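**Q** Next up, coords15.cif (mmCIF, C-alpha atoms and all ligand atoms).
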```
data_upload
loop_
_atom_site.label_atom_id
_atom_site.label_comp_id
_atom_site.auth_asym_id
_atom_site.auth_seq_id
_atom_site.Cartn_x
_atom_site.Cartn_y
_atom_site.Cartn_z
CA MET A 9 298.59 43.16 46.84
CA LYS A 10 297.10 43.82 43.44
CA ILE A 11 294.04 46.10 43.45
CA THR A 12 291.25 44.68 41.33
CA HIS A 13 289.40 46.75 38.81
CA GLN A 14 286.28 46.49 40.97
CA GLU A 15 288.14 48.03 43.91
CA MET A 16 289.27 50.98 41.78
CA ILE A 17 285.71 52.11 41.22
CA GLN A 18 284.77 54.88 43.64
CA LEU A 19 281.08 55.10 44.33
CA SER A 20 279.63 58.59 44.81
CA GLU A 21 279.04 60.09 48.24
CA ARG A 22 275.42 60.42 47.20
CA LEU A 23 275.13 56.69 46.59
CA LEU A 24 277.02 55.78 49.74
CA ALA A 25 274.71 57.94 51.87
CA MET A 26 271.68 56.09 50.54
CA GLU A 27 270.22 53.04 52.30
CA GLU A 28 268.93 50.06 50.38
CA SER A 29 265.12 49.88 50.41
CA ALA A 30 264.29 47.72 53.46
CA THR A 31 261.05 46.46 51.95
CA ILE A 32 262.80 45.31 48.81
CA ALA A 33 265.78 43.91 50.78
CA MET A 34 263.47 41.81 52.98
CA SER A 35 261.52 40.45 50.04
CA ARG A 36 264.78 39.57 48.27
CA LYS A 37 265.99 37.79 51.40
CA SER A 38 262.81 35.76 51.73
CA ARG A 39 262.95 34.82 48.04
CA GLU A 40 266.53 33.58 48.55
CA LEU A 41 265.56 31.54 51.62
CA LYS A 42 262.60 30.04 49.77
CA ALA A 43 264.92 29.08 46.91
CA GLU A 44 267.06 27.24 49.50
CA GLY A 45 263.97 25.20 50.33
CA LYS A 46 262.94 27.02 53.55
CA ASP A 47 259.22 27.29 54.18
CA ILE A 48 259.18 31.09 54.49
CA ILE A 49 255.98 33.10 54.64
CA SER A 50 256.75 36.57 53.36
CA LEU A 51 254.57 39.37 54.70
CA SER A 52 257.30 41.86 53.91
CA LEU A 53 256.34 43.42 50.61
CA GLY A 54 253.42 45.74 50.09
CA GLU A 55 252.15 44.06 46.98
CA PRO A 56 248.58 42.92 46.29
CA ASP A 57 248.35 39.16 45.75
CA PHE A 58 245.54 39.68 43.21
CA PHE A 59 245.99 39.57 39.46
CA THR A 60 245.45 42.59 37.25
CA PRO A 61 241.75 42.66 36.16
CA GLN A 62 241.12 41.08 32.75
CA PHE A 63 239.69 44.24 31.14
CA ILE A 64 243.00 46.01 31.80
CA LYS A 65 245.02 43.15 30.31
CA ASP A 66 242.71 43.19 27.28
CA ALA A 67 243.42 46.90 26.78
CA ALA A 68 247.15 46.15 26.83
CA VAL A 69 246.83 43.40 24.22
CA GLU A 70 244.80 45.73 22.03
CA ALA A 71 247.45 48.46 22.41
CA MET A 72 250.16 46.06 21.28
CA GLU A 73 248.10 44.86 18.35
CA ASN A 74 247.49 48.46 17.33
CA ASN A 75 251.24 49.11 17.50
CA PHE A 76 251.35 51.50 20.43
CA THR A 77 254.95 50.44 20.80
CA MET A 78 256.92 53.63 20.27
CA TYR A 79 258.10 56.52 22.41
CA THR A 80 255.18 58.39 23.93
CA PRO A 81 255.00 62.06 24.94
CA VAL A 82 257.24 62.30 28.05
CA PRO A 83 254.38 63.15 30.48
CA GLY A 84 252.15 60.42 28.97
CA TYR A 85 249.68 60.05 26.09
CA ASP A 86 247.11 62.84 25.88
CA ASP A 87 244.15 60.44 26.21
CA LEU A 88 245.70 58.90 29.34
CA ARG A 89 246.20 62.29 30.96
CA GLU A 90 242.65 63.25 30.03
CA SER A 91 241.35 60.10 31.70
CA ILE A 92 243.43 60.88 34.82
CA SER A 93 242.04 64.40 34.85
CA LEU A 94 238.50 62.95 34.83
CA LYS A 95 239.44 60.44 37.54
CA PHE A 96 240.74 63.22 39.81
CA LYS A 97 237.43 65.06 39.34
CA ARG A 98 235.23 61.97 39.75
CA ASP A 99 236.95 60.41 42.79
CA ASN A 100 238.60 63.34 44.55
CA GLY A 101 236.72 66.45 43.41
CA LEU A 102 240.07 67.86 42.21
CA ASP A 103 240.53 70.01 39.12
CA TYR A 104 243.74 69.14 37.31
CA THR A 105 244.02 69.94 33.61
CA LYS A 106 245.98 67.67 31.32
CA ASP A 107 249.07 69.88 31.50
CA GLN A 108 249.10 69.60 35.31
CA ILE A 109 249.42 65.82 35.07
CA VAL A 110 252.67 63.90 34.55
CA VAL A 111 252.64 60.12 34.21
CA SER A 112 255.79 58.29 35.31
CA THR A 113 257.18 54.80 35.89
CA GLY A 114 255.45 54.49 39.27
CA ALA A 115 254.50 56.61 42.26
CA LYS A 116 258.08 56.10 43.43
CA GLN A 117 259.41 57.78 40.29
CA SER A 118 256.81 60.54 40.62
CA ILE A 119 258.02 61.30 44.15
CA ALA A 120 261.64 61.32 42.95
CA ASN A 121 260.75 63.67 40.07
CA VAL A 122 259.07 66.16 42.42
CA VAL A 123 261.82 66.01 45.04
CA LEU A 124 264.55 66.48 42.42
CA SER A 125 262.60 69.41 40.99
CA ILE A 126 262.19 71.24 44.30
CA VAL A 127 264.81 70.16 46.84
CA GLY A 128 268.45 71.22 46.77
CA PRO A 129 271.44 71.06 49.14
CA GLY A 130 270.53 72.14 52.66
CA ASP A 131 266.78 72.39 52.04
CA GLU A 132 264.72 70.85 54.80
CA VAL A 133 261.96 68.37 54.10
CA ILE A 134 259.53 67.51 56.87
CA VAL A 135 258.70 63.82 56.98
CA PRO A 136 256.24 62.65 59.64
CA ALA A 137 257.25 59.25 61.05
CA PRO A 138 256.22 56.52 60.57
CA TYR A 139 256.96 57.25 56.91
CA TRP A 140 257.29 55.13 53.82
CA VAL A 141 260.90 53.92 53.43
CA SER A 142 261.80 55.71 50.22
CA TYR A 143 260.86 59.30 51.20
CA VAL A 144 263.92 59.93 53.34
CA GLU A 145 266.33 58.27 50.91
CA ILE A 146 265.02 60.21 47.92
CA VAL A 147 265.42 63.46 49.88
CA LYS A 148 269.01 62.46 50.71
CA VAL A 149 269.77 61.80 47.03
CA ALA A 150 268.60 65.38 46.31
CA GLU A 151 271.02 66.49 49.07
CA GLY A 152 268.14 67.78 51.16
CA THR A 153 267.87 67.32 54.93
CA PRO A 154 265.01 65.14 56.16
CA VAL A 155 263.41 66.59 59.31
CA VAL A 156 261.50 63.78 60.97
CA ILE A 157 258.62 64.51 63.31
CA ASN A 158 257.13 61.69 65.30
CA ALA A 159 253.53 60.64 65.35
CA GLY A 160 253.29 57.88 67.91
CA ILE A 161 250.83 55.03 68.20
CA GLU A 162 248.96 57.05 70.88
CA ASN A 163 248.07 59.61 68.17
CA ASP A 164 247.06 56.89 65.71
CA PHE A 165 250.39 57.67 64.00
CA LYS A 166 249.13 61.00 62.64
CA ILE A 167 250.56 64.50 63.12
CA ASN A 168 248.58 67.67 63.79
CA GLY A 169 248.99 71.26 62.64
CA LYS A 170 250.78 72.31 65.83
CA GLN A 171 253.46 69.65 65.42
CA LEU A 172 253.87 70.58 61.79
CA GLU A 173 254.25 74.28 62.52
CA ALA A 174 256.83 73.61 65.25
CA ALA A 175 259.02 71.82 62.68
CA ILE A 176 258.90 74.58 60.05
CA THR A 177 262.07 76.70 59.74
CA PRO A 178 263.18 79.24 57.12
CA LYS A 179 264.88 76.30 55.34
CA THR A 180 261.73 74.20 55.02
CA LYS A 181 260.98 73.47 51.38
CA MET A 182 258.67 70.48 51.50
CA LEU A 183 256.44 68.11 53.49
CA ILE A 184 255.97 64.48 52.41
CA PHE A 185 253.31 62.20 53.85
CA SER A 186 250.90 59.45 52.82
CA THR A 187 247.21 58.89 53.49
CA PRO A 188 246.23 56.06 53.78
CA CYS A 189 249.65 55.64 55.34
CA ASN A 190 252.26 53.03 54.57
CA PRO A 191 253.34 51.56 57.07
CA THR A 192 250.59 52.32 59.63
CA GLY A 193 247.36 52.09 57.63
CA SER A 194 246.21 55.33 59.31
CA VAL A 195 243.94 57.59 57.28
CA TYR A 196 243.68 61.35 57.77
CA THR A 197 240.11 62.67 58.12
CA LYS A 198 238.96 65.83 56.35
CA GLU A 199 239.21 67.76 59.63
CA GLU A 200 242.76 66.53 60.27
CA LEU A 201 243.82 67.55 56.76
CA LYS A 202 242.18 70.95 57.22
CA ASP A 203 244.22 71.40 60.39
CA LEU A 204 247.41 70.82 58.36
CA ALA A 205 246.15 73.06 55.52
CA ASP A 206 245.52 75.91 57.99
CA VAL A 207 249.23 75.85 58.87
CA LEU A 208 250.52 75.28 55.34
CA LYS A 209 248.60 78.20 53.85
CA LYS A 210 250.76 80.52 55.95
CA TYR A 211 253.85 79.17 54.15
CA PRO A 212 252.86 79.17 50.47
CA HIS A 213 256.41 78.36 49.32
CA ILE A 214 256.30 74.95 51.06
CA VAL A 215 255.42 72.22 48.59
CA VAL A 216 253.53 69.22 49.94
CA ILE A 217 253.71 65.75 48.46
CA SER A 218 250.42 64.08 49.38
CA ASP A 219 250.95 60.42 48.53
CA GLU A 220 247.51 58.92 48.01
CA ILE A 221 248.47 55.68 46.28
CA TYR A 222 246.31 53.65 48.72
CA GLU A 223 243.29 55.87 48.14
CA HIS A 224 240.92 53.02 47.25
CA ILE A 225 242.06 50.69 50.03
CA ASN A 226 240.12 52.43 52.73
CA PHE A 227 237.76 50.68 55.15
CA ILE A 228 236.04 53.75 56.59
CA GLY A 229 234.48 55.20 53.51
CA LYS A 230 235.54 58.26 51.62
CA HIS A 231 239.12 59.15 50.82
CA GLU A 232 240.04 62.79 51.49
CA SER A 233 242.68 64.67 49.49
CA LEU A 234 244.73 67.53 50.89
CA ALA A 235 244.49 69.44 47.58
CA GLN A 236 240.71 69.83 48.08
CA PHE A 237 241.36 72.92 50.23
CA PRO A 238 241.62 75.91 47.86
CA GLU A 239 243.97 77.72 50.23
CA VAL A 240 246.70 75.08 49.66
CA TYR A 241 245.79 73.75 46.21
CA ASN A 242 248.65 75.70 44.61
CA GLN A 243 251.27 74.10 46.83
CA VAL A 244 250.12 70.47 46.87
CA VAL A 245 251.26 67.68 44.56
CA THR A 246 248.83 64.75 44.64
CA ILE A 247 250.55 61.43 43.96
CA ASN A 248 248.71 58.35 42.82
CA GLY A 249 249.21 55.31 40.61
CA VAL A 250 247.87 51.95 39.51
CA SER A 251 250.12 49.60 41.50
CA LYS A 252 247.91 49.03 44.53
CA ALA A 253 244.20 49.29 43.74
CA TRP A 254 244.54 47.82 40.27
CA ALA A 255 247.12 45.16 41.23
CA MET A 256 249.54 46.47 38.60
CA THR A 257 252.83 46.65 40.52
CA GLY A 258 254.87 45.23 37.66
CA TRP A 259 253.41 47.46 34.95
CA ARG A 260 255.07 50.58 36.41
CA LEU A 261 252.79 53.57 36.23
CA GLY A 262 252.27 56.43 38.65
CA TYR A 263 251.12 59.99 38.16
CA ILE A 264 250.90 63.44 39.72
CA GLY A 265 248.38 66.23 39.69
CA ALA A 266 250.39 69.37 40.45
CA PRO A 267 250.75 73.11 40.02
CA LYS A 268 251.77 73.58 36.38
CA VAL A 269 255.23 74.86 37.23
CA ILE A 270 255.97 71.61 39.10
CA ALA A 271 254.43 69.45 36.36
CA ASP A 272 256.67 71.22 33.81
CA ALA A 273 259.71 70.62 36.01
CA CYS A 274 258.91 66.91 36.37
CA ASN A 275 258.43 66.67 32.64
CA LYS A 276 261.93 68.12 32.19
CA VAL A 277 263.49 65.69 34.71
CA GLN A 278 261.74 62.77 33.11
CA GLY A 279 262.75 63.89 29.63
CA GLN A 280 266.37 63.34 30.67
CA PHE A 281 265.96 60.30 32.95
CA THR A 282 263.34 57.90 31.59
CA SER A 283 261.44 59.43 28.61
CA GLY A 284 258.25 58.37 30.39
CA THR A 285 256.72 54.98 31.05
CA CYS A 286 255.82 52.05 28.81
CA SER A 287 253.40 52.80 25.96
CA ILE A 288 251.42 49.57 26.49
CA THR A 289 251.10 50.17 30.22
CA GLN A 290 249.77 53.66 29.48
CA LYS A 291 247.02 52.36 27.21
CA ALA A 292 246.10 49.70 29.78
CA ALA A 293 245.96 52.35 32.50
CA ILE A 294 243.31 54.28 30.55
CA ALA A 295 241.00 51.30 31.09
CA ALA A 296 241.74 51.41 34.83
CA MET A 297 241.13 55.18 35.02
CA LYS A 298 237.81 54.90 33.21
CA ALA A 299 236.54 51.98 35.30
CA ASP A 300 234.06 52.64 38.07
CA PRO A 301 235.99 52.19 41.35
CA SER A 302 233.05 50.14 42.65
CA VAL A 303 234.54 47.19 40.70
CA LEU A 304 237.18 47.10 43.45
CA LYS A 305 234.69 46.30 46.19
CA ASP A 306 235.40 42.55 46.36
CA MET A 307 239.12 43.16 46.67
CA ILE A 308 238.59 45.76 49.38
CA ALA A 309 236.26 43.38 51.23
CA ALA A 310 238.94 40.65 51.04
CA PHE A 311 241.55 43.06 52.47
CA ASN A 312 239.13 44.03 55.22
CA ASN A 313 238.59 40.39 56.24
CA ARG A 314 242.34 39.85 56.33
CA ARG A 315 242.80 42.98 58.41
CA LYS A 316 240.30 41.67 60.96
CA LEU A 317 241.96 38.26 61.00
CA VAL A 318 245.43 39.73 61.64
CA LEU A 319 244.18 42.21 64.26
CA SER A 320 242.31 39.59 66.24
CA ALA A 321 245.36 37.31 66.14
CA LEU A 322 247.66 40.13 67.29
CA ASN A 323 245.27 41.03 70.10
CA GLU A 324 245.74 37.52 71.45
CA MET A 325 249.51 37.92 71.68
CA PRO A 326 250.59 39.22 75.09
CA GLY A 327 253.10 42.08 74.78
CA VAL A 328 251.97 43.15 71.30
CA ASN A 329 250.29 46.55 71.06
CA ALA A 330 248.56 46.73 67.70
CA ASN A 331 247.12 49.88 66.20
CA VAL A 332 243.84 49.62 64.28
CA PRO A 333 244.60 50.56 60.68
CA VAL A 334 241.68 51.79 58.58
CA GLY A 335 243.40 51.85 55.19
CA ALA A 336 246.18 50.34 53.04
CA PHE A 337 247.13 46.70 53.82
CA TYR A 338 249.54 46.97 56.73
CA VAL A 339 249.48 46.68 60.50
CA PHE A 340 252.31 48.33 62.42
CA PRO A 341 252.28 46.83 65.92
CA GLU A 342 254.51 48.00 68.72
CA ILE A 343 256.66 45.17 70.05
CA SER A 344 259.07 47.03 72.38
CA SER A 345 257.89 45.05 75.42
CA PHE A 346 260.01 42.17 74.08
CA PHE A 347 263.23 44.15 73.96
CA GLY A 348 265.83 42.53 76.23
CA LYS A 349 264.13 39.11 76.08
CA SER A 350 265.91 36.04 74.72
CA TYR A 351 265.39 32.56 73.36
CA ASN A 352 267.96 29.94 72.50
CA GLY A 353 270.90 32.33 73.04
CA PHE A 354 269.45 35.11 70.85
CA THR A 355 268.42 38.38 72.52
CA VAL A 356 265.97 40.75 70.89
CA HIS A 357 267.33 44.25 71.48
CA ASN A 358 265.34 46.14 68.89
CA ALA A 359 262.91 45.86 65.97
CA ASP A 360 265.68 44.75 63.59
CA ASP A 361 266.46 41.86 65.94
CA MET A 362 262.77 41.03 66.22
CA CYS A 363 262.52 40.69 62.43
CA LEU A 364 265.64 38.49 62.37
CA TYR A 365 264.23 36.40 65.22
CA LEU A 366 260.83 35.95 63.54
CA LEU A 367 262.54 35.10 60.26
CA SER A 368 264.70 32.39 61.78
CA GLU A 369 262.33 31.08 64.49
CA ALA A 370 258.89 31.54 62.86
CA LEU A 371 260.02 31.57 59.21
CA VAL A 372 257.93 34.72 58.71
CA ALA A 373 259.45 37.71 56.94
CA LEU A 374 258.32 41.16 58.15
CA VAL A 375 259.96 44.59 57.92
CA THR A 376 261.58 46.42 60.83
CA GLY A 377 259.96 49.64 62.03
CA ASP A 378 263.37 51.30 61.91
CA ALA A 379 263.12 51.52 58.14
CA PHE A 380 259.92 53.54 58.59
CA GLY A 381 261.27 55.79 61.35
CA ASP A 382 259.75 53.98 64.34
CA PRO A 383 262.17 51.61 66.09
CA ASN A 384 259.50 50.18 68.43
CA CYS A 385 257.36 48.63 65.71
CA ILE A 386 257.36 46.04 62.95
CA ARG A 387 255.36 46.11 59.73
CA ILE A 388 253.10 43.27 58.72
CA SER A 389 251.75 43.37 55.17
CA TYR A 390 248.47 41.45 55.05
CA ALA A 391 248.34 41.31 51.25
CA ALA A 392 248.24 37.50 51.45
CA SER A 393 245.53 34.83 51.58
CA GLU A 394 243.62 34.20 54.82
CA GLU A 395 245.12 30.72 54.96
CA THR A 396 248.66 32.11 54.72
CA LEU A 397 247.91 34.81 57.27
CA THR A 398 246.42 32.32 59.74
CA GLU A 399 249.53 30.16 59.54
CA ALA A 400 251.84 33.20 59.82
CA MET A 401 250.02 34.52 62.89
CA LYS A 402 250.18 31.08 64.54
CA ARG A 403 253.93 30.92 63.95
CA ILE A 404 254.52 34.47 65.21
CA LYS A 405 252.48 33.80 68.36
CA GLU A 406 254.46 30.64 69.14
CA ALA A 407 257.81 32.33 68.53
CA LEU A 408 256.94 35.36 70.70
CA ALA A 409 255.75 33.09 73.52
CA LYS A 410 259.25 31.52 73.66
CA LEU A 411 260.94 34.86 74.44
CA ASN A 412 261.64 35.49 78.08
N1 LIG B 501 254.10 55.35 47.94
C1 LIG B 501 253.79 54.45 48.87
C2 LIG B 501 253.24 54.93 50.17
C3 LIG B 501 253.99 53.08 48.62
O1 LIG B 501 253.69 52.18 49.55
C4 LIG B 501 254.53 52.67 47.39
C5 LIG B 501 254.83 51.22 47.21
N2 LIG B 501 254.54 50.70 46.08
C6 LIG B 501 254.82 53.66 46.45
C7 LIG B 501 254.60 54.98 46.75
C8 LIG B 501 255.40 53.33 45.11
O2 LIG B 501 254.45 52.79 44.25
P1 LIG B 501 254.75 52.44 42.73
O3 LIG B 501 254.69 50.96 42.61
O4 LIG B 501 253.66 53.12 41.95
O5 LIG B 501 256.09 53.00 42.39
N1 LIG B 502 255.65 50.03 48.53
C1 LIG B 502 255.73 48.63 48.79
C2 LIG B 502 256.19 48.39 50.21
O1 LIG B 502 256.24 49.31 50.99
C3 LIG B 502 256.57 47.94 47.76
C4 LIG B 502 258.05 47.98 47.93
C5 LIG B 502 258.66 49.24 47.50
O2 LIG B 502 258.22 49.80 46.49
O3 LIG B 502 259.58 49.68 48.20
O4 LIG B 502 256.43 47.27 50.56
#
```
Please render this file's structure as structure tokens.
**A**
Amino acid sequence: MKITHQEMIQLSERLLAMEESATIAMSRKSRELKAEGKDIISLSLGEPDFFTPQFIKDAAVEAMENNFTMYTPVPGYDDLRESISLKFKRDNGLDYTKDQIVVSTGAKQSIANVVLSIVGPGDEVIVPAPYWVSYVEIVKVAEGTPVVINAGIENDFKINGKQLEAAITPKTKMLIFSTPCNPTGSVYTKEELKDLADVLKKYPHIVVISDEIYEHINFIGKHESLAQFPEVYNQVVTINGVSKAWAMTGWRLGYIGAPKVIADACNKVQGQFTSGTCSITQKAAIAAMKADPSVLKDMIAAFNNRRKLVLSALNEMPGVNANVPVGAFYVFPEISSFFGKSYNGFTVHNADDMCLYLLSEALVALVTGDAFGDPNCIRISYAASEETLTEAMKRIKEALAKLN
């Protein structure tokens, strides 16, 4: 048999070891089903359903008209990094000078830059589960070894200093976590972060990626940053971006505040990989950085109402054990009581099966907890209108009630 040209191409081990992003795979699948005419409700992607505020779009138009259309400095325009520096001070009480800030094509790229700068073959990276899908895969691309520690629903999906210390070995190079957390919506308090900082300060070579992209989507008040503790400031990289709070997922801009040596390394990586992000996006982001975060209050109130709607619906579903998220726009309920139950010849053995079942029976797309390191849960993104959420919850309830 003749071997085709396609079959001759040998993909790298690195690529083969990498999983496709489950969040992106599920949203692609629901888009395909919708295109086939199926009435799918997709609660799979963590993407605000709001439009980018007009004042940000105006800044982009102005940038284009003023011909900001050429290559920019790799870590971002000076005035953008200055505005980020002021934002870090204003919102987080953090001191990052312009040369400690690197702007990239999204928080995802920022995380990849830092991991590629620090992690090498055999290095261990501690990742508390539930974790955001891409952390583990990015570590694998860098040929590092993810060391997953579990924070169960009984601990509000958060780890403590003791658990962290027990996972540290001489090979540990990094810790990656998010607060507010995707997929659980849990938010670390100042005391909980201090507990982690007290352990980390004993290991000053361990770099921590503190992913704070959901900073503004917080229903319990003030966001707390790990880098606020002087004893760990020199080992923490604070990640943020404009995708979530400013509804700018498609514009592609994230940034870090980091020890200068790490910022320089990311600058070098980026200088070879992307040359930095879009010039127009950068100018638009200055408007977002300078805006008073209180302009986000209506959006946060809308998310809070949706959160309450979804939680009260879940609480009325026997067998579903929902956590109470206080940030981001996800709920991560435990659904393991359904494992082993069947309907119409289909048995739900695990969270993957549950997502397949809900997709085919309820026409609702969610993401399996497996992708986030917790096989007993599923992730519901409530970044959708109340009307859509009400219908989705009704469908899920009916489908679950059929399982026995
Ligand atoms: N971190 C977390 C926790 C996320 O949920 C996401 C999803 N967008 C990202 C990083 C990546 O964000 P960006 O769109 O800025 O790449
Ligand atoms: N972060 C979002 C999510 O978790 C968007 C998808 C992605 O970037 O992977 O759904």
**Q** Excluding same-chain residues fewer than 6 positions from region 160-175 of chain A, what lies within 10 Å of it counting only C-alpha atoms, as number ranges by chain?
**A** A: 132-139, 183, 185, 187, 189, 191-196, 200-208, 210-211, 329-333, 340-342, 382, 384-385
**Q** Out of A:Val69, A:Leu41, A:Val123, A:Val250, which residue has the shortest atom-to-atom distance to ligand LIG 501 (chain B) when counting only C-alpha atoms and all ligand atoms?
**A** A:Val250
**Q** Enumerate as a ChimeraX atom specification the residues within 6 Å of ligand LIG 502 (chain B), counting all atoms listed in the file.
**A** /A:29,31-32,53-55
**Q** Could you pull out the residues sitting within 8 Å of ligand LIG 501 (chain B), using all atoms listed in the file, and write them as a PyMOL selection string?
**A** chain A and resi 54-55+113-119+140+186-191+219-222+248-252+256-258+260-262
**Q** Pick out the closest residue to Ile92 (chain A) from this set: A:Ala293, A:Ile217, A:Ile48, A:Val149. Count all atoms listed in the file.
**A**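 Smallest separation from Ile92 (chain A) among the options: A:Ala293.
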**Q** Just the number, please: distance in Å from CA of Leu366 (chain A) to CA of Ala253 (chain A), one decimal.
**A**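 CA of Ala253 (chain A) lies at a distance of 29.1 Å from CA of Leu366 (chain A).
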**Q** Determine the nearest neighbour of Pro81 (chain A) from the options A:Ala400, A:Val303, A:Ala235, A:Cys286, counting all atoms listed in the file.
**A**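 Checking each of A:Ala400, A:Val303, A:Ala235, A:Cys286 against Pro81 (chain A), counting all atoms listed in the file, the winner is A:Cys286.
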**Q** Given the choices A:Tyr263, A:Tyr365, A:Tyr79, A:Phe281, which gets closest to Leu124 (chain A) if the distance is worked out from all atoms listed in the file?
**A**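 Among A:Tyr263, A:Tyr365, A:Tyr79, A:Phe281, it is A:Phe281 that comes nearest to Leu124 (chain A).
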**Q** Do you know which residues are at most 6 Å from region 49-51 of chain A counting only C-alpha atoms, after dropping those on the same chain fewer than 2 positions away, and could you put them as a list of chain:residue names?
**A**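 So the residues in contact are A:Val372, A:Ala373, A:Leu374, A:Ile388, A:Ser389.
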**Q** How far is it from CA of Asp66 (chain A) to CA of Gly265 (chain A), in Å with one decimal?
**A**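 Value for the CA of Asp66 (chain A)-CA of Gly265 (chain A) distance: 26.8 Å.
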**Q** Mind listing as a list in words all residues within 9 Å of (261.0, 37.6, 65.2), counting only C-alpha atoms?
**A**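 Every polymer residue passing the test: Val356, Ala359, Asp360, Asp361, Met362, Cys363, Leu364, Tyr365, Leu366, Leu367, Ser368, Glu369, Ala370, Leu371, Val372, Ala373, Leu374, Ile404, Ala407 and Leu408 of chain A.
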**Q** Give me, as an MDAnalysis selection string, all polymer residues having an atom no more than 7 Å from region 296-298 of chain A, counting all atoms listed in the file and skipping those fewer than 4 positions away in the same chain.
**A** chainID A and resid 64 91:92 95 292
**Q** Of the candidates A:Val147, A:Ala309, A:Ala67, A:Met325, which one gets nearest to Arg403 (chain A) if we count only C-alpha atoms?
**A**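 That would be A:Met325, the residue with the smallest distance to Arg403 (chain A).
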**Q** One decimal, Å: what's the distance from CA of Tyr390 (chain A) over to CA of Val339 (chain A), could you say?
**A**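 So the answer is 7.6 Å.
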